[in-house]
Amino acid sequence: MTSNIGYTPAEKGILIVLSGPSGVGKGTVCKALRSKAPELVYSVSATTRPPREGEVDGVNYFFKSREQFLQLVDQDQMLEWAEYVGNFYGTPRKFVEETLQSGKDIILEIEVQGALKVKQKFPEGVFIFLLPPSLPELESRIVGRGTESEESIRNRMSVALEEIRLMEHYDYAIVNDQVDLACERILGILTAEHCRKDRMVSKIKHWMAEVNH
Ligand SMILES: Nc1ncnc2c1ncn2[C@@H]1O[C@H](COP(=O)(O)OP(=O)(O)OP(=O)(O)O)[C@@H](O)[C@H]1O
Ligand SMILES: Nc1nc2c(ncn2[C@@H]2O[C@H](COP(=O)(O)O)[C@@H](O)[C@H]2O)c(=O)[nH]1
């Protein structure tokens, strides 16, 4: 099934930030969204974390050394960046800005510190927090994924509680009990956000200018 957002695009696209603790299912939900909403664009982050089995450079992440990453930061090429459980993660700025400028919506799947930095720069963005049905279910999802060491699982679970505490800074919270339902909720939010009157103001101004001409 493909989405039918059914909006008249405002001039700029909408920036959507999807956060939530490690293992909650952000990546899984985004993958499902790709087939349901092919018109959405997904930002590819840079990271210093080593690739997991099957991850492809330029598709899942741009894999960088710490030196390369910090050079990108120095060159102001990152919209935001953060250190998470010992590795750097960041969003390349140019791709996001160009996508929004072209009128397309873009999703950033990022952790909370980075999301709060994006909120300072793009307060008009839509900030969505994904929650697990419970903390034991979160742990069993991280463990079940089979990608993390015991130490990494412990670290990610302890950061998860800090992240959940910062949920108050987000606009929406969604429980990822079922992937399809989580996708529907995100697409519902997006439809509503496209109908916000503030996003239409510049378009209406343009009409008025034409009539008054
Ligand atoms: N609704 C769901 N019900 C059951 N299992 C799920 C659900 N969503 C995701 N999962 C499973 O949970 C595990 C973690 O999912 P995923 O890798 O998408 O999480 P993530 O939030 O992207 O994690 P990270 O932030 O570490 O990249 C995967 O094995 C995935 O199949
Ligand atoms: N601040 C940012 N966080 C990011 C970015 N890309 C991914 N992430 C988040 O990092 C953690 C860990 O990811 P993992 O792939 O190692 O499991 C997770 O919460 C991601 O959402 C980014 O560009 N900036």
# chains A, B, ... in the order shown; residues from 1 in each chain; ligands from 1
call {"tool": "residues_around", "arguments": {"residues": "A:Tyr170", "least_positions_apart": "4", "cutoff": "9 Å", "atoms": "only C-alpha atoms", "output": "ChimeraX atom specification"}}
result
/A:116,126-129,166
call {"tool": "write_last_selection", "arguments": {"atoms": "C-alpha atoms", "output": "PDB file, in the first residue's frame"}}
result
ATOM      1  CA  LEU A 116      17.454  18.985  20.262  1.00  0.00           C
ATOM      2  CA  VAL A 126       8.102  17.865  13.333  1.00  0.00           C
ATOM      3  CA  PHE A 127       9.645  15.944  16.226  1.00  0.00           C
ATOM      4  CA  ILE A 128       8.399  12.394  16.805  1.00  0.00           C
ATOM      5  CA  PHE A 129       9.529  10.114  19.635  1.00  0.00           C
ATOM      6  CA  LEU A 166      13.746  14.076  27.205  1.00  0.00           C
TER       7      LEU A 166
END
call {"tool": "select_by_dssp", "arguments": {"residues": "stretch 24-209 of chain A", "states": "strand (DSSP E)", "output": "ChimeraX atom specification"}}
result
/A:41-42,46-47,62-63,78-84,87-92,106-109,126-131,172-175
call {"tool": "closest_atom_pairs", "arguments": {"of": "chain A", "to": "ligand 2", "cutoff": "7 Å", "atoms": "only C-alpha atoms and all ligand atoms", "output": "tab-separated table"}}
result
residue	atom	partner	partner_atom_place_in_ligand_line	distance
A:Ser19	CA	ligand 2	21 (O)	6.0
A:Gly20	CA	ligand 2	19 (O)	6.4
A:Pro21	CA	ligand 2	19 (O)	5.8
A:Ser22	CA	ligand 2	19 (O)	5.0
A:Ser45	CA	ligand 2	23 (O)	4.1
A:Ala46	CA	ligand 2	23 (O)	5.9
A:Thr47	CA	ligand 2	6 (N)	7.0
A:Arg49	CA	ligand 2	16 (O)	6.5
A:Glu80	CA	ligand 2	24 (N)	6.4
A:Trp81	CA	ligand 2	1 (N)	4.9
A:Ala82	CA	ligand 2	1 (N)	4.7
A:Tyr84	CA	ligand 2	10 (O)	6.2
A:Tyr89	CA	ligand 2	22 (C)	4.4
A:Gly90	CA	ligand 2	23 (O)	3.4
A:Thr91	CA	ligand 2	23 (O)	3.9
A:Glu109	CA	ligand 2	21 (O)	4.9
A:Ile110	CA	ligand 2	21 (O)	3.6
A:Glu111	CA	ligand 2	19 (O)	4.1
A:Val112	CA	ligand 2	1 (N)	6.6
A:Gln113	CA	ligand 2	1 (N)	6.0
A:Gly114	CA	ligand 2	1 (N)	3.6
A:Ala115	CA	ligand 2	1 (N)	6.3
call {"tool": "residues_near_ligand", "arguments": {"ligand": "ligand 1", "cutoff": "9 Å", "atoms": "only C-alpha atoms and all ligand atoms", "output": "PyMOL selection string"}}
result
chain A and resi 19-31+109-111+130+132-133+137-138+140-148+156+175-182
call {"tool": "closest_residue", "arguments": {"among": "A:Leu187, A:Val41, A:Thr48, A:Val73", "to": "A:Tyr61", "atoms": "only C-alpha atoms"}}
result
A:Thr48
call {"tool": "closest_residue", "arguments": {"among": "A:Asp105, A:Glu39, A:Glu151, A:Glu168", "to": "A:Glu11", "atoms": "only C-alpha atoms"}}
result
A:Asp105
call {"tool": "residues_around", "arguments": {"residues": "stretch 199-204 of chain A", "least_positions_apart": "2", "cutoff": "10 Å", "atoms": "only C-alpha atoms", "output": "number ranges by chain"}}
result
A: 8-14, 124, 193-197, 206-210
call {"tool": "write_last_selection", "arguments": {"atoms": "N, CA and C atoms", "output": "JSON list (two decimals), in the first residue's frame"}}
result
[["chain", "number", "residue", "atom", "x", "y", "z"],
["A", 8, "THR", "N", -1.51, 19.74, -0.74],
["A", 8, "THR", "CA", -0.89, 20.63, -1.72],
["A", 8, "THR", "C", 0.44, 21.03, -1.13],
["A", 9, "PRO", "N", 1.55, 20.71, -1.77],
["A", 9, "PRO", "CA", 2.82, 20.99, -1.12],
["A", 9, "PRO", "C", 3.00, 22.48, -0.81],
["A", 10, "ALA", "N", 3.42, 22.78, 0.41],
["A", 10, "ALA", "CA", 3.82, 24.14, 0.71],
["A", 10, "ALA", "C", 5.14, 24.37, -0.01],
["A", 11, "GLU", "N", 5.71, 25.58, 0.08],
["A", 11, "GLU", "CA", 6.90, 25.86, -0.72],
["A", 11, "GLU", "C", 8.08, 24.98, -0.32],
["A", 12, "LYS", "N", 8.30, 24.86, 0.99],
["A", 12, "LYS", "CA", 9.42, 24.04, 1.45],
["A", 12, "LYS", "C", 8.90, 22.72, 2.00],
["A", 13, "GLY", "N", 9.75, 21.70, 1.94],
["A", 13, "GLY", "CA", 9.36, 20.42, 2.53],
["A", 13, "GLY", "C", 9.37, 20.50, 4.05],
["A", 14, "ILE", "N", 8.87, 19.45, 4.67],
["A", 14, "ILE", "CA", 8.84, 19.39, 6.13],
["A", 14, "ILE", "C", 9.98, 18.50, 6.62],
["A", 124, "GLU", "N", 10.34, 24.77, 13.28],
["A", 124, "GLU", "CA", 9.12, 24.41, 12.52],
["A", 124, "GLU", "C", 9.11, 22.93, 12.13],
["A", 193, "GLU", "N", 0.22, 17.71, 9.68],
["A", 193, "GLU", "CA", 1.20, 18.81, 9.67],
["A", 193, "GLU", "C", 1.15, 19.58, 8.35],
["A", 194, "HIS", "N", 0.88, 18.86, 7.26],
["A", 194, "HIS", "CA", 0.79, 19.55, 5.97],
["A", 194, "HIS", "C", -0.42, 20.47, 5.91],
["A", 195, "CYS", "N", -1.40, 20.21, 6.76],
["A", 195, "CYS", "CA", -2.63, 21.04, 6.77],
["A", 195, "CYS", "C", -2.54, 22.19, 7.76],
["A", 196, "ARG", "N", -1.44, 22.32, 8.47],
["A", 196, "ARG", "CA", -1.34, 23.44, 9.42],
["A", 196, "ARG", "C", -1.39, 24.75, 8.65],
["A", 197, "LYS", "N", -2.20, 25.66, 9.14],
["A", 197, "LYS", "CA", -2.39, 26.91, 8.39],
["A", 197, "LYS", "C", -1.08, 27.69, 8.24],
["A", 206, "HIS", "N", 1.16, 34.62, -1.79],
["A", 206, "HIS", "CA", 1.46, 34.63, -3.22],
["A", 206, "HIS", "C", 0.16, 34.85, -4.02],
["A", 207, "TRP", "N", -0.92, 34.16, -3.61],
["A", 207, "TRP", "CA", -2.22, 34.35, -4.28],
["A", 207, "TRP", "C", -2.66, 35.80, -4.17],
["A", 208, "MET", "N", -2.56, 36.34, -2.94],
["A", 208, "MET", "CA", -3.03, 37.72, -2.69],
["A", 208, "MET", "C", -2.25, 38.69, -3.57],
["A", 209, "ALA", "N", -0.94, 38.45, -3.65],
["A", 209, "ALA", "CA", -0.10, 39.34, -4.45],
["A", 209, "ALA", "C", -0.54, 39.31, -5.90],
["A", 210, "GLU", "N", -0.89, 38.11, -6.39],
["A", 210, "GLU", "CA", -1.32, 37.98, -7.80],
["A", 210, "GLU", "C", -2.63, 38.73, -8.03]]
call {"tool": "select_by_dssp", "arguments": {"residues": "stretch 31-130 of chain A", "states": "helix (DSSP H, G or I)", "output": "PyMOL selection string"}}
result
chain A and resi 31-36+66-74+93-101+112-121
call {"tool": "write_last_selection", "arguments": {"atoms": "N, CA, C and O atoms", "output": "compact mmCIF listing (two decimals), in the first residue's frame"}}
result
# COMPACT_ATOMS: atom_id res chain seq x y z
N LYS A 31 12.22 1.66 7.32
CA LYS A 31 12.29 0.76 6.16
C LYS A 31 10.87 0.47 5.64
O LYS A 31 10.63 0.51 4.43
N ALA A 32 9.94 0.25 6.56
CA ALA A 32 8.55 0.00 6.14
C ALA A 32 7.95 1.25 5.51
O ALA A 32 7.18 1.16 4.54
N LEU A 33 8.31 2.42 6.04
CA LEU A 33 7.78 3.67 5.50
C LEU A 33 8.22 3.88 4.05
O LEU A 33 7.50 4.49 3.25
N ARG A 34 9.41 3.40 3.73
CA ARG A 34 9.94 3.61 2.38
C ARG A 34 9.00 3.04 1.32
O ARG A 34 8.84 3.61 0.25
N SER A 35 8.36 1.88 1.63
CA SER A 35 7.44 1.35 0.62
C SER A 35 6.06 1.98 0.73
O SER A 35 5.36 2.12 -0.25
N LYS A 36 5.68 2.39 1.93
CA LYS A 36 4.35 2.99 2.09
C LYS A 36 4.32 4.44 1.63
O LYS A 36 3.27 4.95 1.25
N ARG A 66 37.45 8.87 12.95
CA ARG A 66 37.19 10.02 13.83
C ARG A 66 37.78 11.29 13.23
O ARG A 66 37.16 12.36 13.30
N GLU A 67 38.96 11.17 12.60
CA GLU A 67 39.60 12.35 12.00
C GLU A 67 38.74 12.90 10.86
O GLU A 67 38.50 14.11 10.77
N GLN A 68 38.28 12.00 10.00
CA GLN A 68 37.44 12.44 8.86
C GLN A 68 36.17 13.11 9.37
O GLN A 68 35.74 14.14 8.86
N PHE A 69 35.59 12.50 10.42
CA PHE A 69 34.33 13.04 10.94
C PHE A 69 34.55 14.45 11.49
O PHE A 69 33.80 15.39 11.17
N LEU A 70 35.60 14.60 12.30
CA LEU A 70 35.83 15.91 12.93
C LEU A 70 36.19 16.97 11.89
O LEU A 70 35.89 18.16 12.07
N GLN A 71 36.79 16.52 10.80
CA GLN A 71 37.09 17.46 9.71
C GLN A 71 35.77 17.99 9.09
O GLN A 71 35.63 19.18 8.83
N LEU A 72 34.81 17.09 8.91
CA LEU A 72 33.50 17.51 8.38
C LEU A 72 32.84 18.52 9.32
O LEU A 72 32.23 19.49 8.89
N VAL A 73 32.99 18.25 10.63
CA VAL A 73 32.43 19.18 11.62
C VAL A 73 33.11 20.53 11.49
O VAL A 73 32.45 21.58 11.43
N ASP A 74 34.45 20.53 11.41
CA ASP A 74 35.20 21.78 11.28
C ASP A 74 34.80 22.56 10.04
O ASP A 74 34.80 23.79 10.03
N ARG A 93 24.62 18.37 6.31
CA ARG A 93 23.75 19.53 6.21
C ARG A 93 23.18 19.76 4.80
O ARG A 93 21.98 19.98 4.61
N LYS A 94 24.08 19.66 3.79
CA LYS A 94 23.70 20.11 2.44
C LYS A 94 22.50 19.33 1.90
O LYS A 94 21.56 19.90 1.34
N PHE A 95 22.53 18.01 2.08
CA PHE A 95 21.47 17.16 1.53
C PHE A 95 20.11 17.54 2.13
O PHE A 95 19.11 17.63 1.43
N VAL A 96 20.12 17.78 3.45
CA VAL A 96 18.86 18.14 4.13
C VAL A 96 18.36 19.48 3.58
O VAL A 96 17.18 19.60 3.21
N GLU A 97 19.25 20.46 3.52
CA GLU A 97 18.81 21.79 3.08
C GLU A 97 18.30 21.77 1.64
O GLU A 97 17.28 22.37 1.32
N GLU A 98 19.02 21.03 0.78
CA GLU A 98 18.60 20.98 -0.64
C GLU A 98 17.26 20.26 -0.80
O GLU A 98 16.43 20.66 -1.61
N THR A 99 17.07 19.20 -0.01
CA THR A 99 15.81 18.45 -0.11
C THR A 99 14.64 19.33 0.31
O THR A 99 13.60 19.39 -0.37
N LEU A 100 14.80 20.02 1.43
CA LEU A 100 13.71 20.89 1.92
C LEU A 100 13.41 21.99 0.91
O LEU A 100 12.26 22.31 0.61
N GLN A 101 14.49 22.55 0.36
CA GLN A 101 14.35 23.64 -0.61
C GLN A 101 13.57 23.18 -1.85
O GLN A 101 12.82 23.94 -2.44
N VAL A 112 18.64 11.75 20.69
CA VAL A 112 17.98 12.92 21.28
C VAL A 112 18.86 14.18 21.33
O VAL A 112 18.37 15.28 21.03
N GLN A 113 20.15 14.04 21.69
CA GLN A 113 20.99 15.26 21.78
C GLN A 113 21.00 15.98 20.45
O GLN A 113 20.88 17.21 20.37
N GLY A 114 21.17 15.20 19.36
CA GLY A 114 21.20 15.78 18.01
C GLY A 114 19.85 16.37 17.65
O GLY A 114 19.77 17.44 17.04
N ALA A 115 18.78 15.68 18.05
CA ALA A 115 17.43 16.16 17.73
C ALA A 115 17.19 17.53 18.36
O ALA A 115 16.61 18.42 17.74
N LEU A 116 17.68 17.70 19.59
CA LEU A 116 17.45 18.99 20.26
C LEU A 116 18.24 20.11 19.57
O LEU A 116 17.78 21.25 19.50
N LYS A 117 19.40 19.76 19.01
CA LYS A 117 20.15 20.78 18.25
C LYS A 117 19.38 21.14 16.97
O LYS A 117 19.33 22.30 16.58
N VAL A 118 18.81 20.13 16.32
CA VAL A 118 18.04 20.41 15.09
C VAL A 118 16.84 21.30 15.43
O VAL A 118 16.50 22.21 14.69
N LYS A 119 16.24 21.04 16.61
CA LYS A 119 15.06 21.83 16.99
C LYS A 119 15.40 23.32 17.13
O LYS A 119 14.58 24.19 16.82
N GLN A 120 16.63 23.60 17.61
CA GLN A 120 17.02 25.01 17.71
C GLN A 120 17.10 25.66 16.35
O GLN A 120 16.76 26.82 16.16
N LYS A 121 17.57 24.88 15.35
CA LYS A 121 17.76 25.45 14.01
C LYS A 121 16.47 25.41 13.20
O LYS A 121 16.24 26.24 12.33
call {"tool": "atom_distance", "arguments": {"atom1": "atom CA of A:Lys104", "atom2": "atom CA of A:Glu184"}}
result
19.2 Å
call {"tool": "atom_distance", "arguments": {"atom1": "atom CA of A:Ile174", "atom2": "atom CA of A:Val59"}}
result
25.9 Å
